[in-house]
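Novice: Let me begin by handing over the structure; questions about it come next.
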Amino acid sequence: MKGRINMLIEFSVKNFRSFRDEVIFSMEAGNGDELPNNVFEVNNTKILKTASLYGANASGKSNFMRAFTAAIMMVRNSNMIPLGARWAEIVPFLLDECSRNEPTVFTFVFIANGVKYRYCFGTDGEKIQEESLDAYYSQKPSNIFKRTNVNDYKFITEDNSRLKALVARNTDNKLFLATATNWNYDKTKDAFLWFMNSIDTYDSFDMIADEDLVSYSKDDSPFKDFSLKLLRETDILIKDIHVDYAEKDMDTNMMDLLVPPAIKNNGNSKFRSLNIEVEHEIELDNGNKKTYTLNFGDESSGTKILFALAPSLMRAFAKTRVLIVDELEKSLHPSLVEYIIKIFNNPNINKANSQLIFTTHAVSLLDLDLLRRDQIWFAEKNPMNGVTDLYPLDDFSVRKDENIQKGYINGRYGAIPFIGNGIDLWRE
């Protein structure tokens with residue numbers, strides 16, 4: 001089991017968009033013993049499988065998701081950023097004079113390939129101001145490297161000379177984690193690959209990735225089989241899905257019609273051919289069954305989203321991953337969202353112990369028979385200074401049998417909109 005464990009324990013961010021002060025989001029379970037299937041244990045630490053984030057519109061929920069995305073994409077793209085280029089994703093808190101001139105700081109605590117790591121970096125968008133990686137080969141952390149003042153480095157003693165040689169391969173705007181791994185340093189490899197392969201963020205499932213369409217187009221595709229099972233489980237009357245996907249060469253007439261002259265000679269003369277048809281099996285009044293074929297474009301938004309979501313779910317249930325989704329309930333009935341949460345918390349389905357983190361407005365999910373108190377988080381923006389704070393329901397004295405839907409709507413836990421009476425809208 002050890003070598004397959006890849007999970008998030010904690011994430012913190014400081015000075016990013018509406019997060020002026022450091023906020024810490026933890027997937028480590030609290031002291032409660034309720035809903036044991038929602039928790040799994042690693043090295044005597046209890047970790048949550050799912051977590052939700054509530055808050056009013058413009059409270060900072062999406063900014064929190066952007067923080068995850070910005071940090072992950074910086075690691076993934078560090079080896080490709082040109083010398084002197086700026087990281088456009090980095091936007092500090094701009095509503096005071098100090099923060100706008102200070103670095104944004106991200107910290108991840110996670111387990112990659114069975115080893116716990118703590119990785120932190122700070123950047124002003126132009127340079128990496130600070131960076132460090134600690135590995136927990138035992139209870140005590142071992143510092144692999146520490147970077148301060150852009151180019152001041154300290155390294156683990158036994159690899160000091162080798163890592164010093166790699167500093168010349170790095171630049172002010174690149175993460176040393178990526179550079180060291182790119183030059184085959186083994187102690188950064190698992191941590192780097194965790195960012196590459198084990199954690200993903202999604203702001204929607206409106207589009208299906210090309211590689212998933214290729215898989216769907218094969219009749220024996222496991223993605224297709226899983227997707228059909230998912231759709232049937234959620235009471236959508238679909239018998240089969242046919243995906244015809246291919247990249248085809250353009251003929252001369254098509255090139256002249258579709259491709260601008262300025263880019264005709266770049267060697268890209270292919271176009272994407274895609275057709276998706278869905279078979280619905282309907283029971284007639286006489287008891288007989290008949291199959292009708294519809295174009296995928298005629299399906300509901302919920303069906304399209306489940307179809308696009310299915311490959312991510314299948315990968316998560318096959319190999320440990322962290323899925324972070326903004327507004328999971330978008331175009332989905334709350335019962336479908338509840339179903340997705342339940343299958344993540346179900347040890348018979350989610351055998352890999354993958355994790356799902358999502359933002360939502362769905363008050364119906366505030367149910368202590370579905371989520372533990374430490375799985376419910378709130379984002380609240382201070383209306384006076386624009387600063388977002390983040391805190392769990394576990395911070396409140398909440399009974400296990402308490403109606404938390406009612407408590408949330410009544411403002412007991414904060415994170416609800418401040419709504420006026422509308423009079424000023426009509427006042428001249």
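Ordering of the structure tokens sets the chain letters (A, B, ...), residue numbers begin anew at 1 in every chain, and ligands are numbered from 1 in the order given.
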Could you pull the residues within 8 Å of A:Phe145, counting only C-alpha atoms, minus those fewer than 6 positions along the same chain, as a list in words?

Specialist: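 Answer for this query is Ser132, Leu133, Asp134, Tyr153, Lys154, Phe155 and Ile156 of chain A.
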
Novice: Need the shell around A:Gly407: protein/DNA/RNA residues with any atom at most 12 Å away, counting only C-alpha atoms. Skip same-chain ones fewer than 6 positions apart. Format as a PyMOL selection string?

Specialist: chain A and resi 363+366-367+393+396-399+413-416

Novice: Could you take the residues named above and write them with N, CA, C and O atoms, as a short mmCIF file (atom, residue, chain, number, x, y, z; two decimals), in the first residue's frame?

Specialist:
data_model
loop_
_atom_site.label_atom_id
_atom_site.label_comp_id
_atom_site.auth_asym_id
_atom_site.auth_seq_id
_atom_site.Cartn_x
_atom_site.Cartn_y
_atom_site.Cartn_z
N VAL A 363 -27.18 23.99 -0.39
CA VAL A 363 -27.44 23.90 1.05
C VAL A 363 -27.92 22.51 1.44
O VAL A 363 -27.70 22.04 2.56
N LEU A 366 -25.59 20.17 3.22
CA LEU A 366 -25.22 20.42 4.62
C LEU A 366 -25.98 19.46 5.51
O LEU A 366 -26.98 19.79 6.15
N ASP A 367 -25.51 18.24 5.51
CA ASP A 367 -26.18 17.14 6.19
C ASP A 367 -25.13 16.31 6.91
O ASP A 367 -24.23 15.76 6.27
N LEU A 393 -16.48 24.04 9.81
CA LEU A 393 -17.62 23.95 10.73
C LEU A 393 -17.17 23.42 12.08
O LEU A 393 -17.77 23.74 13.12
N PHE A 396 -16.97 25.45 15.33
CA PHE A 396 -18.14 25.80 16.11
C PHE A 396 -18.55 24.61 16.99
O PHE A 396 -18.24 23.47 16.70
N SER A 397 -19.24 24.92 18.06
CA SER A 397 -19.76 23.86 18.94
C SER A 397 -21.06 23.33 18.33
O SER A 397 -22.16 23.77 18.68
N VAL A 398 -20.90 22.39 17.41
CA VAL A 398 -22.04 21.86 16.66
C VAL A 398 -22.34 20.44 17.14
O VAL A 398 -21.46 19.58 17.12
N ARG A 399 -23.56 20.20 17.55
CA ARG A 399 -23.96 18.86 17.95
C ARG A 399 -24.09 17.95 16.73
O ARG A 399 -24.37 18.42 15.62
N TYR A 413 -23.02 30.39 11.19
CA TYR A 413 -21.62 30.08 10.86
C TYR A 413 -21.00 31.13 9.94
O TYR A 413 -19.86 30.96 9.49
N GLY A 414 -21.71 32.21 9.66
CA GLY A 414 -21.21 33.23 8.75
C GLY A 414 -21.24 32.74 7.32
O GLY A 414 -21.97 31.82 6.96
N ALA A 415 -20.41 33.36 6.46
CA ALA A 415 -20.23 32.94 5.06
C ALA A 415 -21.53 33.01 4.26
O ALA A 415 -21.73 32.24 3.33
N ILE A 416 -22.42 33.95 4.61
CA ILE A 416 -23.62 34.18 3.82
C ILE A 416 -23.61 35.62 3.32
O ILE A 416 -22.91 36.47 3.88
#

Novice: Near A:Ala168, within 12 Å and counting only C-alpha atoms, which residues show up once chain neighbours fewer than 6 positions away are dropped, as a PyMOL selection string?

Specialist: chain A and resi 151+153+162+174+176+179-180+183

Novice: Using the chain letters and numbers from this document, which residues of stretch 157-344 of chain A does DSSP assign to strand (DSSP E or B), as a JSON list (two decimals) with all heavy atoms, in the first residue's frame?

Specialist:
[["chain", "number", "residue", "atom", "x", "y", "z"],
["A", 199, "ILE", "N", -2.82, 15.44, -8.75],
["A", 199, "ILE", "CA", -3.73, 16.47, -8.30],
["A", 199, "ILE", "C", -4.17, 17.31, -9.51],
["A", 199, "ILE", "O", -3.34, 17.70, -10.33],
["A", 199, "ILE", "CB", -3.10, 17.35, -7.19],
["A", 199, "ILE", "CG1", -4.10, 18.38, -6.67],
["A", 199, "ILE", "CG2", -1.80, 18.01, -7.65],
["A", 199, "ILE", "CD1", -3.64, 19.07, -5.39],
["A", 200, "ASP", "N", -5.48, 17.56, -9.62],
["A", 200, "ASP", "CA", -6.02, 18.33, -10.74],
["A", 200, "ASP", "C", -7.14, 19.23, -10.26],
["A", 200, "ASP", "O", -7.88, 18.88, -9.33],
["A", 200, "ASP", "CB", -6.57, 17.41, -11.83],
["A", 200, "ASP", "CG", -5.47, 16.75, -12.66],
["A", 200, "ASP", "OD1", -4.71, 17.48, -13.31],
["A", 200, "ASP", "OD2", -5.38, 15.51, -12.61],
["A", 201, "THR", "N", -7.28, 20.39, -10.89],
["A", 201, "THR", "CA", -8.37, 21.30, -10.59],
["A", 201, "THR", "C", -9.27, 21.44, -11.81],
["A", 201, "THR", "O", -8.81, 21.35, -12.95],
["A", 201, "THR", "CB", -7.86, 22.69, -10.17],
["A", 201, "THR", "OG1", -7.14, 23.28, -11.28],
["A", 201, "THR", "CG2", -6.94, 22.60, -8.97],
["A", 202, "TYR", "N", -10.55, 21.67, -11.56],
["A", 202, "TYR", "CA", -11.55, 21.80, -12.62],
["A", 202, "TYR", "C", -12.48, 22.96, -12.28],
["A", 202, "TYR", "O", -13.00, 23.03, -11.16],
["A", 202, "TYR", "CB", -12.38, 20.53, -12.77],
["A", 202, "TYR", "CG", -11.59, 19.27, -13.00],
["A", 202, "TYR", "CD1", -11.09, 18.53, -11.93],
["A", 202, "TYR", "CD2", -11.35, 18.81, -14.29],
["A", 202, "TYR", "CE1", -10.37, 17.36, -12.15],
["A", 202, "TYR", "CE2", -10.63, 17.64, -14.52],
["A", 202, "TYR", "CZ", -10.14, 16.92, -13.44],
["A", 202, "TYR", "OH", -9.42, 15.78, -13.65],
["A", 240, "ASP", "N", -26.61, 3.22, -24.85],
["A", 240, "ASP", "CA", -25.26, 3.16, -25.41],
["A", 240, "ASP", "C", -24.85, 4.54, -25.90],
["A", 240, "ASP", "O", -25.70, 5.42, -26.13],
["A", 240, "ASP", "CB", -25.21, 2.16, -26.56],
["A", 240, "ASP", "CG", -23.79, 1.62, -26.79],
["A", 240, "ASP", "OD1", -22.85, 2.10, -26.12],
["A", 240, "ASP", "OD2", -23.64, 0.71, -27.62],
["A", 241, "ILE", "N", -23.56, 4.73, -26.04],
["A", 241, "ILE", "CA", -22.98, 5.97, -26.56],
["A", 241, "ILE", "C", -22.00, 5.60, -27.66],
["A", 241, "ILE", "O", -21.17, 4.70, -27.49],
["A", 241, "ILE", "CB", -22.25, 6.78, -25.46],
["A", 241, "ILE", "CG1", -23.23, 7.20, -24.37],
["A", 241, "ILE", "CG2", -21.56, 8.00, -26.05],
["A", 241, "ILE", "CD1", -22.56, 7.88, -23.18],
["A", 242, "HIS", "N", -22.10, 6.28, -28.79],
["A", 242, "HIS", "CA", -21.19, 6.03, -29.91],
["A", 242, "HIS", "C", -20.40, 7.30, -30.20],
["A", 242, "HIS", "O", -20.99, 8.36, -30.48],
["A", 242, "HIS", "CB", -21.98, 5.60, -31.15],
["A", 242, "HIS", "CG", -22.83, 4.38, -30.93],
["A", 242, "HIS", "ND1", -22.30, 3.12, -30.87],
["A", 242, "HIS", "CD2", -24.17, 4.26, -30.73],
["A", 242, "HIS", "CE1", -23.27, 2.25, -30.65],
["A", 242, "HIS", "NE2", -24.42, 2.91, -30.56],
["A", 243, "VAL", "N", -19.10, 7.20, -30.11],
["A", 243, "VAL", "CA", -18.22, 8.34, -30.35],
["A", 243, "VAL", "C", -17.39, 8.07, -31.59],
["A", 243, "VAL", "O", -16.64, 7.09, -31.65],
["A", 243, "VAL", "CB", -17.31, 8.61, -29.15],
["A", 243, "VAL", "CG1", -16.35, 9.78, -29.45],
["A", 243, "VAL", "CG2", -18.13, 8.91, -27.90],
["A", 244, "ASP", "N", -17.53, 8.92, -32.58],
["A", 244, "ASP", "CA", -16.72, 8.84, -33.79],
["A", 244, "ASP", "C", -15.76, 10.03, -33.77],
["A", 244, "ASP", "O", -16.17, 11.17, -34.02],
["A", 244, "ASP", "CB", -17.62, 8.88, -35.03],
["A", 244, "ASP", "CG", -16.81, 8.78, -36.33],
["A", 244, "ASP", "OD1", -15.62, 8.44, -36.25],
["A", 244, "ASP", "OD2", -17.38, 9.07, -37.40],
["A", 245, "TYR", "N", -14.52, 9.75, -33.42],
["A", 245, "TYR", "CA", -13.53, 10.83, -33.26],
["A", 245, "TYR", "C", -12.30, 10.49, -34.08],
["A", 245, "TYR", "O", -11.79, 9.36, -34.05],
["A", 245, "TYR", "CB", -13.14, 10.99, -31.80],
["A", 245, "TYR", "CG", -12.02, 11.98, -31.58],
["A", 245, "TYR", "CD1", -12.29, 13.34, -31.51],
["A", 245, "TYR", "CD2", -10.70, 11.57, -31.47],
["A", 245, "TYR", "CE1", -11.28, 14.26, -31.33],
["A", 245, "TYR", "CE2", -9.67, 12.48, -31.28],
["A", 245, "TYR", "CZ", -9.98, 13.82, -31.21],
["A", 245, "TYR", "OH", -8.96, 14.74, -31.04],
["A", 246, "ALA", "N", -11.82, 11.47, -34.82],
["A", 246, "ALA", "CA", -10.60, 11.26, -35.60],
["A", 246, "ALA", "C", -9.99, 12.60, -35.97],
["A", 246, "ALA", "O", -10.69, 13.63, -36.03],
["A", 246, "ALA", "CB", -10.91, 10.46, -36.87],
["A", 247, "GLU", "N", -8.69, 12.58, -36.19],
["A", 247, "GLU", "CA", -8.00, 13.73, -36.78],
["A", 247, "GLU", "C", -7.78, 13.41, -38.24],
["A", 247, "GLU", "O", -7.20, 12.37, -38.58],
["A", 247, "GLU", "CB", -6.67, 13.98, -36.08],
["A", 247, "GLU", "CG", -6.80, 14.71, -34.76],
["A", 247, "GLU", "CD", -5.46, 15.21, -34.25],
["A", 247, "GLU", "OE1", -4.43, 14.79, -34.83],
["A", 247, "GLU", "OE2", -5.43, 16.00, -33.31],
["A", 248, "LYS", "N", -8.27, 14.28, -39.11],
["A", 248, "LYS", "CA", -8.20, 14.01, -40.54],
["A", 248, "LYS", "C", -7.42, 15.12, -41.25],
["A", 248, "LYS", "O", -7.36, 16.25, -40.79],
["A", 248, "LYS", "CB", -9.61, 13.92, -41.13],
["A", 248, "LYS", "CG", -10.43, 12.78, -40.52],
["A", 248, "LYS", "CD", -11.81, 12.69, -41.15],
["A", 248, "LYS", "CE", -12.62, 11.53, -40.55],
["A", 248, "LYS", "NZ", -13.97, 11.44, -41.16],
["A", 249, "ASP", "N", -6.82, 14.75, -42.39],
["A", 249, "ASP", "CA", -6.08, 15.73, -43.18],
["A", 249, "ASP", "C", -7.05, 16.61, -43.96],
["A", 249, "ASP", "O", -8.05, 16.14, -44.51],
["A", 249, "ASP", "CB", -5.15, 15.02, -44.16],
["A", 249, "ASP", "CG", -4.01, 14.31, -43.46],
["A", 249, "ASP", "OD1", -3.48, 14.89, -42.50],
["A", 249, "ASP", "OD2", -3.68, 13.18, -43.85],
["A", 270, "LYS", "N", -4.37, 19.34, -40.23],
["A", 270, "LYS", "CA", -5.36, 18.38, -39.76],
["A", 270, "LYS", "C", -6.54, 19.10, -39.12],
["A", 270, "LYS", "O", -6.41, 20.23, -38.65],
["A", 270, "LYS", "CB", -4.73, 17.42, -38.74],
["A", 270, "LYS", "CG", -3.66, 16.51, -39.34],
["A", 270, "LYS", "CD", -3.15, 15.53, -38.32],
["A", 270, "LYS", "CE", -2.10, 14.60, -38.92],
["A", 270, "LYS", "NZ", -2.68, 13.72, -39.95],
["A", 271, "PHE", "N", -7.69, 18.45, -39.13],
["A", 271, "PHE", "CA", -8.85, 18.99, -38.44],
["A", 271, "PHE", "C", -9.49, 17.89, -37.60],
["A", 271, "PHE", "O", -9.27, 16.70, -37.82],
["A", 271, "PHE", "CB", -9.86, 19.59, -39.42],
["A", 271, "PHE", "CG", -10.60, 18.56, -40.25],
["A", 271, "PHE", "CD1", -11.87, 18.13, -39.90],
["A", 271, "PHE", "CD2", -10.02, 18.04, -41.41],
["A", 271, "PHE", "CE1", -12.54, 17.20, -40.66],
["A", 271, "PHE", "CE2", -10.69, 17.11, -42.18],
["A", 271, "PHE", "CZ", -11.96, 16.68, -41.81],
["A", 272, "ARG", "N", -10.25, 18.32, -36.62],
["A", 272, "ARG", "CA", -10.86, 17.42, -35.63],
["A", 272, "ARG", "C", -12.25, 17.04, -36.10],
["A", 272, "ARG", "O", -13.12, 17.88, -36.25],
["A", 272, "ARG", "CB", -10.91, 18.18, -34.30],
["A", 272, "ARG", "CG", -11.39, 17.45, -33.08],
["A", 272, "ARG", "CD", -11.21, 18.43, -31.92],
["A", 272, "ARG", "NE", -11.60, 17.88, -30.64],
["A", 272, "ARG", "CZ", -12.71, 18.18, -30.02],
["A", 272, "ARG", "NH1", -13.58, 19.00, -30.59],
["A", 272, "ARG", "NH2", -12.99, 17.68, -28.83],
["A", 273, "SER", "N", -12.46, 15.75, -36.33],
["A", 273, "SER", "CA", -13.77, 15.25, -36.73],
["A", 273, "SER", "C", -14.40, 14.54, -35.54],
["A", 273, "SER", "O", -13.83, 13.58, -35.00],
["A", 273, "SER", "CB", -13.63, 14.27, -37.91],
["A", 273, "SER", "OG", -14.87, 13.65, -38.18],
["A", 274, "LEU", "N", -15.57, 15.02, -35.11],
["A", 274, "LEU", "CA", -16.20, 14.47, -33.92],
["A", 274, "LEU", "C", -17.70, 14.36, -34.11],
["A", 274, "LEU", "O", -18.36, 15.33, -34.52],
["A", 274, "LEU", "CB", -15.90, 15.34, -32.69],
["A", 274, "LEU", "CG", -16.63, 14.98, -31.40],
["A", 274, "LEU", "CD1", -16.20, 13.60, -30.91],
["A", 274, "LEU", "CD2", -16.37, 16.04, -30.33],
["A", 275, "ASN", "N", -18.24, 13.21, -33.81],
["A", 275, "ASN", "CA", -19.69, 13.03, -33.78],
["A", 275, "ASN", "C", -20.02, 12.07, -32.64],
["A", 275, "ASN", "O", -19.43, 11.00, -32.52],
["A", 275, "ASN", "CB", -20.20, 12.44, -35.10],
["A", 275, "ASN", "CG", -21.72, 12.34, -35.12],
["A", 275, "ASN", "OD1", -22.42, 13.31, -34.86],
["A", 275, "ASN", "ND2", -22.23, 11.15, -35.41],
["A", 276, "ILE", "N", -20.94, 12.50, -31.77],
["A", 276, "ILE", "CA", -21.35, 11.68, -30.64],
["A", 276, "ILE", "C", -22.85, 11.44, -30.73],
["A", 276, "ILE", "O", -23.63, 12.40, -30.85],
["A", 276, "ILE", "CB", -21.01, 12.35, -29.29],
["A", 276, "ILE", "CG1", -19.52, 12.70, -29.22],
["A", 276, "ILE", "CG2", -21.38, 11.43, -28.12],
["A", 276, "ILE", "CD1", -19.13, 13.46, -27.96],
["A", 277, "GLU", "N", -23.24, 10.20, -30.69],
["A", 277, "GLU", "CA", -24.66, 9.84, -30.71],
["A", 277, "GLU", "C", -24.99, 9.00, -29.48],
["A", 277, "GLU", "O", -24.18, 8.19, -29.03],
["A", 277, "GLU", "CB", -25.01, 9.07, -31.98],
["A", 277, "GLU", "CG", -24.90, 9.91, -33.25],
["A", 277, "GLU", "CD", -25.34, 9.17, -34.49],
["A", 277, "GLU", "OE1", -25.22, 7.92, -34.50],
["A", 277, "GLU", "OE2", -25.77, 9.83, -35.45],
["A", 278, "VAL", "N", -26.20, 9.21, -28.98],
["A", 278, "VAL", "CA", -26.62, 8.56, -27.74],
["A", 278, "VAL", "C", -27.88, 7.75, -27.99],
["A", 278, "VAL", "O", -28.85, 8.24, -28.57],
["A", 278, "VAL", "CB", -26.88, 9.61, -26.63],
["A", 278, "VAL", "CG1", -27.28, 8.92, -25.34],
["A", 278, "VAL", "CG2", -25.66, 10.49, -26.42],
["A", 279, "GLU", "N", -27.86, 6.48, -27.58],
["A", 279, "GLU", "CA", -29.02, 5.62, -27.74],
["A", 279, "GLU", "C", -29.85, 5.61, -26.44],
["A", 279, "GLU", "O", -29.31, 5.32, -25.37],
["A", 279, "GLU", "CB", -28.60, 4.18, -28.06],
["A", 279, "GLU", "CG", -28.03, 4.00, -29.45],
["A", 279, "GLU", "CD", -27.74, 2.53, -29.75],
["A", 279, "GLU", "OE1", -28.17, 1.67, -28.95],
["A", 279, "GLU", "OE2", -27.10, 2.26, -30.77],
["A", 280, "HIS", "N", -31.13, 5.93, -26.57],
["A", 280, "HIS", "CA", -32.06, 5.87, -25.44],
["A", 280, "HIS", "C", -33.02, 4.70, -25.66],
["A", 280, "HIS", "O", -33.64, 4.59, -26.72],
["A", 280, "HIS", "CB", -32.86, 7.17, -25.32],
["A", 280, "HIS", "CG", -32.06, 8.34, -24.91],
["A", 280, "HIS", "ND1", -32.04, 8.81, -23.61],
["A", 280, "HIS", "CD2", -31.22, 9.14, -25.61],
["A", 280, "HIS", "CE1", -31.24, 9.86, -23.53],
["A", 280, "HIS", "NE2", -30.73, 10.09, -24.73],
["A", 281, "GLU", "N", -33.14, 3.84, -24.68],
["A", 281, "GLU", "CA", -34.09, 2.74, -24.76],
["A", 281, "GLU", "C", -35.36, 3.11, -23.99],
["A", 281, "GLU", "O", -35.31, 3.34, -22.77],
["A", 281, "GLU", "CB", -33.49, 1.45, -24.20],
["A", 281, "GLU", "CG", -34.37, 0.23, -24.44],
["A", 281, "GLU", "CD", -33.69, -1.06, -24.01],
["A", 281, "GLU", "OE1", -33.48, -1.23, -22.79],
["A", 281, "GLU", "OE2", -33.34, -1.88, -24.89],
["A", 282, "ILE", "N", -36.48, 3.18, -24.70],
["A", 282, "ILE", "CA", -37.75, 3.64, -24.13],
["A", 282, "ILE", "C", -38.74, 2.49, -24.10],
["A", 282, "ILE", "O", -38.85, 1.71, -25.05],
["A", 282, "ILE", "CB", -38.33, 4.80, -24.96],
["A", 282, "ILE", "CG1", -37.30, 5.94, -25.07],
["A", 282, "ILE", "CG2", -39.63, 5.31, -24.36],
["A", 282, "ILE", "CD1", -36.88, 6.54, -23.75],
["A", 283, "GLU", "N", -39.47, 2.40, -22.99],
["A", 283, "GLU", "CA", -40.53, 1.40, -22.90],
["A", 283, "GLU", "C", -41.84, 2.01, -23.38],
["A", 283, "GLU", "O", -42.28, 3.05, -22.87],
["A", 283, "GLU", "CB", -40.68, 0.89, -21.46],
["A", 283, "GLU", "CG", -41.70, -0.23, -21.34],
["A", 283, "GLU", "CD", -41.70, -0.86, -19.96],
["A", 283, "GLU", "OE1", -40.61, -1.06, -19.38],
["A", 283, "GLU", "OE2", -42.80, -1.14, -19.45],
["A", 289, "LYS", "N", -40.05, -2.43, -26.00],
["A", 289, "LYS", "CA", -39.00, -1.43, -25.89],
["A", 289, "LYS", "C", -38.53, -1.00, -27.27],
["A", 289, "LYS", "O", -38.48, -1.81, -28.20],
["A", 289, "LYS", "CB", -37.82, -1.97, -25.08],
["A", 289, "LYS", "CG", -38.16, -2.22, -23.61],
["A", 289, "LYS", "CD", -36.96, -2.70, -22.82],
["A", 289, "LYS", "CE", -37.31, -2.90, -21.36],
["A", 289, "LYS", "NZ", -36.15, -3.37, -20.56],
["A", 290, "LYS", "N", -38.19, 0.28, -27.39],
["A", 290, "LYS", "CA", -37.71, 0.82, -28.66],
["A", 290, "LYS", "C", -36.53, 1.73, -28.39],
["A", 290, "LYS", "O", -36.49, 2.46, -27.39],
["A", 290, "LYS", "CB", -38.82, 1.59, -29.37],
["A", 290, "LYS", "CG", -38.43, 2.06, -30.77],
["A", 290, "LYS", "CD", -39.60, 2.67, -31.50],
["A", 290, "LYS", "CE", -39.19, 3.12, -32.90],
["A", 290, "LYS", "NZ", -40.34, 3.70, -33.66],
["A", 291, "THR", "N", -35.54, 1.67, -29.29],
["A", 291, "THR", "CA", -34.34, 2.48, -29.14],
["A", 291, "THR", "C", -34.39, 3.69, -30.06],
["A", 291, "THR", "O", -34.68, 3.56, -31.25],
["A", 291, "THR", "CB", -33.08, 1.64, -29.45],
["A", 291, "THR", "OG1", -33.01, 0.55, -28.52],
["A", 291, "THR", "CG2", -31.82, 2.49, -29.32],
["A", 292, "TYR", "N", -34.11, 4.86, -29.50],
["A", 292, "TYR", "CA", -34.04, 6.11, -30.28],
["A", 292, "TYR", "C", -32.62, 6.66, -30.17],
["A", 292, "TYR", "O", -32.02, 6.67, -29.09],
["A", 292, "TYR", "CB", -35.03, 7.14, -29.75],
["A", 292, "TYR", "CG", -36.48, 6.77, -29.96],
["A", 292, "TYR", "CD1", -37.17, 6.02, -29.01],
["A", 292, "TYR", "CD2", -37.16, 7.17, -31.11],
["A", 292, "TYR", "CE1", -38.50, 5.69, -29.20],
["A", 292, "TYR", "CE2", -38.50, 6.85, -31.30],
["A", 292, "TYR", "CZ", -39.16, 6.09, -30.34],
["A", 292, "TYR", "OH", -40.48, 5.76, -30.53],
["A", 293, "THR", "N", -32.10, 7.13, -31.29],
["A", 293, "THR", "CA", -30.75, 7.70, -31.32],
["A", 293, "THR", "C", -30.83, 9.21, -31.43],
["A", 293, "THR", "O", -31.49, 9.75, -32.32],
["A", 293, "THR", "CB", -29.94, 7.13, -32.50],
["A", 293, "THR", "OG1", -29.86, 5.70, -32.37],
["A", 293, "THR", "CG2", -28.53, 7.71, -32.51],
["A", 294, "LEU", "N", -30.15, 9.90, -30.49],
["A", 294, "LEU", "CA", -30.13, 11.36, -30.48],
["A", 294, "LEU", "C", -28.70, 11.85, -30.60],
["A", 294, "LEU", "O", -27.75, 11.17, -30.17],
["A", 294, "LEU", "CB", -30.74, 11.90, -29.19],
["A", 294, "LEU", "CG", -32.19, 11.52, -28.86],
["A", 294, "LEU", "CD1", -32.59, 12.13, -27.52],
["A", 294, "LEU", "CD2", -33.14, 11.97, -29.96],
["A", 295, "ASN", "N", -28.54, 13.04, -31.15],
["A", 295, "ASN", "CA", -27.23, 13.68, -31.18],
["A", 295, "ASN", "C", -26.87, 14.14, -29.77],
["A", 295, "ASN", "O", -27.74, 14.59, -29.01],
["A", 295, "ASN", "CB", -27.24, 14.86, -32.14],
["A", 295, "ASN", "CG", -25.85, 15.45, -32.33],
["A", 295, "ASN", "OD1", -25.40, 16.26, -31.54],
["A", 295, "ASN", "ND2", -25.17, 15.02, -33.39],
["A", 322, "VAL", "N", -6.19, 13.52, -6.36],
["A", 322, "VAL", "CA", -6.93, 14.58, -5.68],
["A", 322, "VAL", "C", -7.65, 15.39, -6.75],
["A", 322, "VAL", "O", -7.01, 15.95, -7.64],
["A", 322, "VAL", "CB", -5.99, 15.51, -4.87],
["A", 322, "VAL", "CG1", -6.80, 16.55, -4.10],
["A", 322, "VAL", "CG2", -5.10, 14.70, -3.93],
["A", 323, "LEU", "N", -8.99, 15.44, -6.68],
["A", 323, "LEU", "CA", -9.80, 16.22, -7.62],
["A", 323, "LEU", "C", -10.34, 17.44, -6.90],
["A", 323, "LEU", "O", -10.96, 17.31, -5.83],
["A", 323, "LEU", "CB", -10.97, 15.39, -8.16],
["A", 323, "LEU", "CG", -10.72, 14.52, -9.40],
["A", 323, "LEU", "CD1", -9.65, 13.48, -9.13],
["A", 323, "LEU", "CD2", -12.02, 13.85, -9.83],
["A", 324, "ILE", "N", -10.11, 18.61, -7.46],
["A", 324, "ILE", "CA", -10.56, 19.87, -6.86],
["A", 324, "ILE", "C", -11.48, 20.55, -7.87],
["A", 324, "ILE", "O", -11.05, 20.88, -8.97],
["A", 324, "ILE", "CB", -9.36, 20.77, -6.52],
["A", 324, "ILE", "CG1", -8.39, 20.01, -5.60],
["A", 324, "ILE", "CG2", -9.81, 22.06, -5.87],
["A", 324, "ILE", "CD1", -7.04, 20.67, -5.46],
["A", 325, "VAL", "N", -12.75, 20.73, -7.50],
["A", 325, "VAL", "CA", -13.77, 21.16, -8.46],
["A", 325, "VAL", "C", -14.47, 22.41, -7.94],
["A", 325, "VAL", "O", -14.98, 22.43, -6.81],
["A", 325, "VAL", "CB", -14.81, 20.05, -8.70],
["A", 325, "VAL", "CG1", -15.79, 20.48, -9.79],
["A", 325, "VAL", "CG2", -14.12, 18.73, -9.08]]

Novice: Give me the residues near A:Met27 as a PyMOL selection string, where near means some atom within 12 Å (using only C-alpha atoms) and where sequence neighbours in that chain fewer than 2 positions away do not count.

Specialist: chain A and resi 7-12+24-25+29-30+38-41+45-52+108-111+322+354-357+372-377+392

Novice: Fewer than 4 positions away in the same chain doesn't count, so skip those; otherwise give me all residues within 8 Å of A:Val13, counting only C-alpha atoms, as an MDAnalysis selection string.

Specialist: chainID A and resid 19 22:24 67 104:107

Novice: Quick one: residues within 9 Å of A:Asn173, only C-alpha atoms counted, chain neighbours fewer than 5 positions away excluded, as number ranges by chain?

Specialist: A: 78, 81-87, 123, 125-129, 150

Novice: List every residue of stretch 168-348 of chain A that DSSP, applied to the backbone, labels as alpha helix (DSSP H), and write the result as an MDAnalysis selection string.

Specialist: chainID A and resid 176:182 186:197 210:216 222:233 252:258 301:318 334:345

Novice: Here is a test: counting only C-alpha atoms, which residue of A:Lys319, A:Arg147, A:His361, A:Arg20 is nearest to A:Pro92?

Specialist: A:Arg20

Novice: Pick out the closest residue to A:Leu231 from this set: A:Tyr54, A:Phe64, A:Tyr339, A:Phe121. Count only C-alpha atoms.

Specialist: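 Of A:Tyr54, A:Phe64, A:Tyr339, A:Phe121, the one nearest A:Leu231 is A:Tyr339, counting only C-alpha atoms.
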